[in-house]
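Asks: Sharing protein_19.cif (mmCIF, C-alpha atoms) below.
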data_run
loop_
_atom_site.label_atom_id
_atom_site.label_comp_id
_atom_site.auth_asym_id
_atom_site.auth_seq_id
_atom_site.Cartn_x
_atom_site.Cartn_y
_atom_site.Cartn_z
CA MET P 1 18.96 84.59 160.84
CA LYS P 2 19.98 83.58 157.26
CA LYS P 3 21.21 86.17 154.69
CA PRO P 4 19.13 86.55 151.60
CA LYS P 5 20.21 84.39 148.66
CA ARG P 6 20.14 87.42 146.33
CA ALA P 7 23.27 88.90 147.90
CA THR P 8 25.08 85.59 147.51
CA ALA P 9 24.20 85.44 143.81
CA ALA P 10 25.40 89.00 143.28
CA LYS P 11 28.68 88.13 144.92
CA ALA P 12 29.14 85.12 142.69
CA LYS P 13 28.37 87.24 139.65
CA ASN P 14 31.00 89.84 140.49
CA GLY P 15 33.62 87.13 140.86
CA ARG P 16 35.37 85.51 143.73
CA LYS P 17 38.10 87.25 145.65
CA THR P 18 41.36 85.42 146.33
CA SER P 19 43.23 85.47 149.60
CA GLY P 20 45.35 88.35 148.24
CA GLY P 21 42.32 90.47 147.58
CA ARG P 22 42.48 90.08 143.75
CA THR P 23 39.53 89.07 141.69
CA LYS P 24 39.73 86.16 139.29
CA THR P 25 38.32 86.95 135.85
CA ALA P 26 37.09 84.50 133.35
CA PRO P 27 39.62 83.70 130.55
CA LYS P 28 39.09 85.46 127.21
CA ARG P 29 38.14 83.34 124.31
CA ALA P 30 40.49 83.46 121.26
CA VAL P 31 39.08 85.43 118.38
CA ALA P 32 39.54 83.78 115.00
CA PRO P 33 41.01 86.02 112.26
CA PRO P 34 38.52 87.22 109.75
CA ARG P 35 38.18 85.00 106.78
CA MET P 36 39.48 86.44 103.48
CA SER P 37 37.12 86.40 100.62
CA VAL P 38 37.97 84.64 97.39
CA ALA P 39 38.33 87.99 95.65
CA GLY P 40 40.70 89.28 98.36
CA ALA P 41 42.86 86.16 98.19
CA ALA P 42 43.10 86.49 94.43
CA LYS P 43 44.08 90.14 94.76
CA THR P 44 46.84 89.32 97.28
CA ALA P 45 48.15 86.52 95.08
CA GLY P 46 48.18 88.91 92.13
CA LYS P 47 50.26 91.43 94.09
CA ASP P 48 52.78 88.72 95.07
CA SER P 49 53.00 87.54 91.48
CA SER P 50 53.56 91.12 90.28
CA LYS P 51 56.38 91.60 92.82
CA ASP P 52 58.03 88.37 91.69
CA ARG P 53 57.86 89.48 88.05
CA SER P 54 59.35 92.88 88.96
CA LYS P 55 62.23 91.24 90.83
CA ALA P 56 62.87 88.88 87.91
CA THR P 57 62.86 91.85 85.52
CA ILE P 58 65.35 93.74 87.70
CA ARG P 59 67.64 90.70 87.88
CA GLY P 60 67.46 90.34 84.10
CA LEU P 61 68.27 94.02 83.55
CA ARG P 62 71.22 93.84 85.94
CA THR P 63 72.58 90.81 84.10
CA LYS P 64 72.24 92.57 80.75
CA LEU P 65 73.92 95.70 82.16
CA THR P 66 76.85 93.63 83.45
CA GLN P 67 77.22 91.94 80.08
CA ALA P 68 77.02 95.28 78.27
CA LEU P 69 79.69 96.84 80.50
CA ARG P 70 81.93 93.82 79.97
CA ARG P 71 81.46 94.13 76.22
CA VAL P 72 82.27 97.86 76.31
CA ALA P 73 85.49 97.10 78.21
CA GLU P 74 86.41 94.44 75.64
CA LEU P 75 85.79 96.85 72.75
CA GLU P 76 87.82 99.60 74.42
CA ALA P 77 90.69 97.17 74.99
CA ALA P 78 90.48 96.01 71.37
CA ALA P 79 90.51 99.61 70.16
CA ASP P 80 93.82 100.15 72.02
CA THR P 81 95.46 96.86 70.96
CA ASP P 82 97.24 95.80 67.79
CA PHE P 83 95.34 92.67 66.70
CA LEU P 84 98.39 91.10 65.03
CA LEU P 85 100.99 91.58 67.76
CA ASP P 86 98.80 91.79 70.89
CA ILE P 87 100.54 94.97 72.11
CA PRO P 88 99.21 98.53 72.33
CA ASN P 89 98.59 100.21 68.98
CA ARG P 90 99.27 103.93 68.43
CA ARG P 91 96.11 104.94 70.30
CA GLY P 92 96.88 102.65 73.22
CA PHE P 93 100.54 103.63 73.40
CA GLU P 94 99.80 107.36 73.29
CA ARG P 95 97.37 106.87 76.16
CA GLU P 96 100.05 105.05 78.18
CA LEU P 97 102.52 107.82 77.36
CA GLN P 98 100.12 110.52 78.57
CA ARG P 99 99.54 108.63 81.82
CA ALA P 100 103.28 108.21 82.33
CA LEU P 101 103.98 111.90 81.75
CA ALA P 102 101.21 112.87 84.18
CA TYR P 103 102.86 110.63 86.80
CA MET P 104 106.31 112.08 86.05
CA LYS P 105 104.96 115.61 86.41
CA ARG P 106 103.36 114.86 89.78
CA TYR P 107 106.18 112.80 91.30
CA HIS P 108 109.18 114.28 89.43
CA ALA P 109 110.06 110.92 87.86
CA SER P 110 111.90 110.40 84.58
CA GLY P 111 112.11 107.99 81.68
CA ALA P 112 112.90 107.60 78.02
CA LEU P 113 110.94 107.18 74.80
CA ILE P 114 112.44 105.07 72.01
CA VAL P 115 110.99 104.96 68.51
CA LEU P 116 112.22 101.98 66.51
CA ASP P 117 111.73 101.42 62.78
CA VAL P 118 112.29 98.08 60.99
CA ASP P 119 114.85 98.69 58.25
CA ARG P 120 113.96 96.10 55.64
CA LEU P 121 110.34 95.11 56.12
CA LYS P 122 109.13 96.44 52.76
CA PRO P 123 111.63 94.36 50.71
CA ILE P 124 110.61 91.30 52.72
CA ASN P 125 106.94 91.96 52.00
CA ASP P 126 107.70 92.55 48.31
CA SER P 127 109.85 89.43 47.97
CA PHE P 128 107.96 86.93 50.12
CA GLY P 129 104.52 88.38 50.77
CA HIS P 130 102.85 90.03 53.74
CA ALA P 131 102.61 86.75 55.65
CA ALA P 132 106.40 86.74 55.83
CA GLY P 133 106.37 90.37 56.94
CA ASP P 134 103.87 89.53 59.68
CA GLU P 135 106.15 86.77 60.93
CA VAL P 136 109.02 89.26 61.13
CA LEU P 137 106.89 91.76 63.05
CA LYS P 138 105.77 89.09 65.53
CA ALA P 139 109.36 88.02 66.15
CA ILE P 140 110.45 91.64 66.67
CA ALA P 141 107.60 92.33 69.11
CA ALA P 142 108.48 89.19 71.10
CA THR P 143 112.16 90.21 71.14
CA LEU P 144 111.37 93.70 72.43
CA ARG P 145 109.09 92.34 75.16
CA ARG P 146 111.90 90.09 76.37
CA GLN P 147 114.25 93.08 76.60
CA ILE P 148 112.08 95.33 78.78
CA ARG P 149 110.85 95.32 82.37
CA ALA P 150 107.28 94.67 83.47
CA SER P 151 106.78 98.40 84.15
CA ASP P 152 107.89 99.38 80.63
CA VAL P 153 105.60 99.52 77.61
CA VAL P 154 106.13 98.48 74.00
CA GLY P 155 103.63 99.42 71.30
CA ARG P 156 103.25 99.49 67.54
CA LEU P 157 102.75 102.96 66.10
CA GLY P 158 101.83 101.52 62.72
CA GLY P 159 103.39 99.67 59.80
CA ASP P 160 106.99 98.83 60.68
CA GLU P 161 107.38 101.38 63.49
CA PHE P 162 107.49 100.53 67.20
CA ALA P 163 107.72 102.67 70.33
CA LEU P 164 109.00 101.86 73.81
CA LEU P 165 108.32 103.69 77.07
CA LEU P 166 111.10 103.00 79.59
CA TRP P 167 111.15 104.22 83.19
CA ASN P 168 114.02 105.78 85.16
CA LEU P 169 116.77 105.82 82.54
CA SER P 170 119.50 108.39 82.07
CA GLU P 171 120.37 109.58 78.55
CA THR P 172 123.40 107.29 78.48
CA ASP P 173 121.39 104.28 79.63
CA ALA P 174 118.58 105.04 77.16
CA LYS P 175 120.96 105.19 74.20
CA ALA P 176 122.64 101.99 75.36
CA LYS P 177 119.23 100.33 75.59
CA ALA P 178 118.37 101.50 72.06
CA ALA P 179 121.61 99.93 70.80
CA ILE P 180 120.68 96.66 72.52
CA PHE P 181 117.29 96.68 70.77
CA GLU P 182 118.95 97.25 67.40
CA GLN P 183 121.44 94.45 67.92
CA ALA P 184 118.78 91.98 69.10
CA ILE P 185 116.69 92.63 65.98
CA ASP P 186 119.73 92.59 63.68
CA GLU P 187 120.50 89.10 64.95
CA LEU P 188 117.06 87.72 64.10
CA SER P 189 117.11 85.37 61.11
CA PHE P 190 114.23 83.95 59.08
CA VAL P 191 113.90 81.38 56.34
CA PHE P 192 111.44 82.10 53.52
CA ARG P 193 111.29 79.89 50.41
CA GLY P 194 114.60 78.31 51.31
CA GLN P 195 116.39 81.62 51.81
CA HIS P 196 117.74 83.12 55.04
CA VAL P 197 116.50 86.66 55.65
CA THR P 198 117.38 89.34 58.22
CA ALA P 199 115.53 92.56 58.93
CA GLY P 200 117.36 95.04 61.16
CA ALA P 201 116.10 98.16 62.92
CA SER P 202 117.01 101.78 63.67
CA ALA P 203 116.16 103.43 67.01
CA GLY P 204 115.88 107.04 68.14
CA VAL P 205 115.71 108.30 71.74
CA ALA P 206 113.91 111.15 73.52
CA LEU P 207 114.21 111.75 77.26
CA LEU P 208 111.07 112.16 79.35
CA GLY P 209 110.53 114.27 82.44
CA ALA P 210 108.09 116.47 84.33
CA GLN P 211 108.00 119.10 81.56
CA SER P 212 107.72 116.72 78.58
CA ASP P 213 104.87 116.91 76.10
CA PRO P 214 103.69 113.62 74.54
CA VAL P 215 103.40 114.96 70.98
CA ARG P 216 106.75 116.73 71.15
CA ALA P 217 108.44 113.66 72.68
CA LEU P 218 107.22 111.40 69.86
CA GLU P 219 108.39 113.91 67.25
CA GLU P 220 111.81 114.17 68.89
CA ALA P 221 112.28 110.40 69.12
CA ASP P 222 111.05 109.97 65.54
CA ALA P 223 113.52 112.57 64.25
CA ALA P 224 116.37 110.87 66.13
CA MET P 225 115.32 107.54 64.61
CA TYR P 226 115.59 108.93 61.05
CA VAL P 227 119.06 110.30 61.83
CA ARG P 228 120.07 106.86 63.05
CA LYS P 229 118.53 105.22 59.97
CA ALA P 230 120.62 107.50 57.72
CA HIS P 231 123.75 106.23 59.47
CA ARG P 232 122.74 102.65 58.67
CA ARG P 233 122.06 103.18 54.97
CA HIS P 234 125.32 101.55 54.02
CA GLU P 235 123.84 98.23 55.15
CA PRO P 236 122.04 96.16 52.49
CA ARG P 237 118.30 96.79 52.26
CA ILE P 238 117.72 93.03 52.48
CA ARG P 239 120.13 90.15 52.81
CA LEU P 240 119.13 86.90 51.11
CA VAL P 241 121.47 83.95 51.48
CA SER P 242 120.68 80.69 49.71
CA SER P 243 120.27 77.78 52.07
#
Kindly transcribe the structure held in the file into structure tokens.
Replies:
Amino acid sequence: MKKPKRATAAKAKNGRKTSGGRTKTAPKRAVAPPRMSVAGAAKTAGKDSSKDRSKATIRGLRTKLTQALRRVAELEAAADTDFLLDIPNRRGFERELQRALAYMKRYHASGALIVLDVDRLKPINDSFGHAAGDEVLKAIAATLRRQIRASDVVGRLGGDEFALLLWNLSETDAKAKAAIFEQAIDELSFVFRGQHVTAGASAGVALLGAQSDPVRALEEADAAMYVRKAHRRHEPRIRLVSS
């Protein structure tokens, strides 16, 4: 007797069983993403454009900040540098001296401060003009730089007065170094308007250590320089020899 066709149709509808007992299901059809309206697309594009503008603004601000910081550093360096001689001015030298004394206090190091004054710069300026005096100052600064180590510092306190910060020198060595500076400057010779000119210099020494004060050290070296200058007063204020 044949089975009713209705049962066979129901079986086909429920799906066919495999040999493993699992039922095969019909594959799902891919669902297309919803279409974005024109207004939504414009809104998304506007957000992207706004983000791009914000990023560009941030990059521009960072560039300006970097340039501003570089300019500040340049101005600070210029404020501490003598524009004529390209060495620290009084402000810059005093800052280096304070740093050195802080280091000496912490690590029990030592050094020496030498204040050096050009003996005959004013007569040179009066006789040949300030351009001649500037040439003398440049030559003296170059001479002092050649006489010191890379760790030492030479600066211009103002006018015709220089200062030198020297590391790890005994009193004897510091005074010997001051004498070397004087001799090197005494030996400099210049020719202005056909005449040979010499300048000369007097140097005073103050020792530096863990207990030194920067203001007191400068005063001590300055006083020693004036004592030394008094000993050199017998020398001519300016020597002019016809060429």
Asks: Run through the PyMOL selection byres ((chain P and resi 132-135) around 12) on the given coordinates and return the selected residues as a ChimeraX atom specification.
Replies: /P:83-85,118-131,136-142,159-160,188-193,195-199
Asks: P:Leu116, P:Leu208, P:Leu65, P:Ala230: which is nearest Gln183 in chain P, counting all atoms listed in the file?
Replies: P:Leu116
Asks: Have a look at P:Arg232, P:Arg216, P:Arg59, P:Lys47 and name the one nearest to Glu94 in chain P; count all atoms listed in the file.
Replies: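 Of the candidates, the smallest distance to Glu94 in chain P is held by P:Arg216.
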Asks: Can you work out which one of P:Ala56, P:Ile114, P:Val154, P:Ala210 has the shortest atom-to-atom distance to Leu101 in chain P, counting all atoms listed in the file?
Replies: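 Using all atoms listed in the file, Leu101 in chain P sits closest to P:Ala210.
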Asks: Once the PyMOL selection byres ((chain P and resi 146-148) around 9) has been evaluated on this model, what residues remain selected, and can you format them as a PyMOL selection string?
Replies: chain P and resi 141-145+149-154+164+166+177+180-181+184
Asks: Keeping only C-alpha atoms, take the residues you just selected and write them out as a PDB file, in the frame of the given file.
Replies:
ATOM      1  CA  ALA P 141     107.600  92.330  69.110  1.00  0.00           C
ATOM      2  CA  ALA P 142     108.480  89.190  71.100  1.00  0.00           C
ATOM      3  CA  THR P 143     112.160  90.210  71.140  1.00  0.00           C
ATOM      4  CA  LEU P 144     111.370  93.700  72.430  1.00  0.00           C
ATOM      5  CA  ARG P 145     109.090  92.340  75.160  1.00  0.00           C
ATOM      6  CA  ARG P 149     110.850  95.320  82.370  1.00  0.00           C
ATOM      7  CA  ALA P 150     107.280  94.670  83.470  1.00  0.00           C
ATOM      8  CA  SER P 151     106.780  98.400  84.150  1.00  0.00           C
ATOM      9  CA  ASP P 152     107.890  99.380  80.630  1.00  0.00           C
ATOM     10  CA  VAL P 153     105.600  99.520  77.610  1.00  0.00           C
ATOM     11  CA  VAL P 154     106.130  98.480  74.000  1.00  0.00           C
ATOM     12  CA  LEU P 164     109.000 101.860  73.810  1.00  0.00           C
ATOM     13  CA  LEU P 166     111.100 103.000  79.590  1.00  0.00           C
ATOM     14  CA  LYS P 177     119.230 100.330  75.590  1.00  0.00           C
ATOM     15  CA  ILE P 180     120.680  96.660  72.520  1.00  0.00           C
ATOM     16  CA  PHE P 181     117.290  96.680  70.770  1.00  0.00           C
ATOM     17  CA  ALA P 184     118.780  91.980  69.100  1.00  0.00           C
TER      18      ALA P 184
END
Asks: Could you name the residues that touch Gln98 in chain P at 12 Å or less, counting only C-alpha atoms, but leaving out those on the same chain fewer than 2 positions away, as a list in words?
Replies: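 So the residues in contact are Arg91, Gly92, Phe93, Glu94, Arg95, Glu96, Ala100, Leu101, Ala102, Tyr103, Met104, Lys105, Leu113, Leu165, Leu208, Gly209, Ala210, Ser212, Asp213, Pro214, Val215, Arg216, Ala217 and Leu218 of chain P.
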Asks: Got a sec: who's within 9 Å of Asp82 in chain P, counting only C-alpha atoms, leaving out chain neighbours fewer than 3 positions off, as a compact mmCIF listing (two decimals) with C-alpha atoms, in the frame of the given file?
Replies:
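selection.txt, written as the output of this step:
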# COMPACT_ATOMS: atom_id res chain seq x y z
CA ALA P 78 90.48 96.01 71.37
CA ALA P 79 90.51 99.61 70.16
CA LEU P 85 100.99 91.58 67.76
CA ASP P 86 98.80 91.79 70.89
CA ILE P 87 100.54 94.97 72.11
CA PRO P 88 99.21 98.53 72.33
CA ASN P 89 98.59 100.21 68.98
CA ARG P 90 99.27 103.93 68.43
CA GLY P 92 96.88 102.65 73.22
CA GLY P 155 103.63 99.42 71.30
CA ARG P 156 103.25 99.49 67.54
CA GLY P 158 101.83 101.52 62.72
Asks: What is the CA of His108 in chain P-CA of Val205 in chain P distance in Å, reported with one decimal?
Replies: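 According to the coordinates, CA of His108 in chain P and CA of Val205 in chain P are separated by 19.8 Å.
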Asks: One number please: CA of Asp173 in chain P to CA of Asp80 in chain P, in Å, one decimal.
Replies: 28.9 Å
Asks: Check what the PyMOL selection byres ((chain P and resi 175) around 12) selects in the file above and give those residues as a PyMOL selection string.
Replies: chain P and resi 111-115+166+169-174+176-182+202-207+221+224-225+228
Asks: Figure out the distance between CA of Thr81 in chain P and CA of Asp222 in chain P, please, to one decimal in Å.
Replies: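 Straight-line distance from CA of Asp222 in chain P to CA of Thr81 in chain P works out to 21.1 Å.
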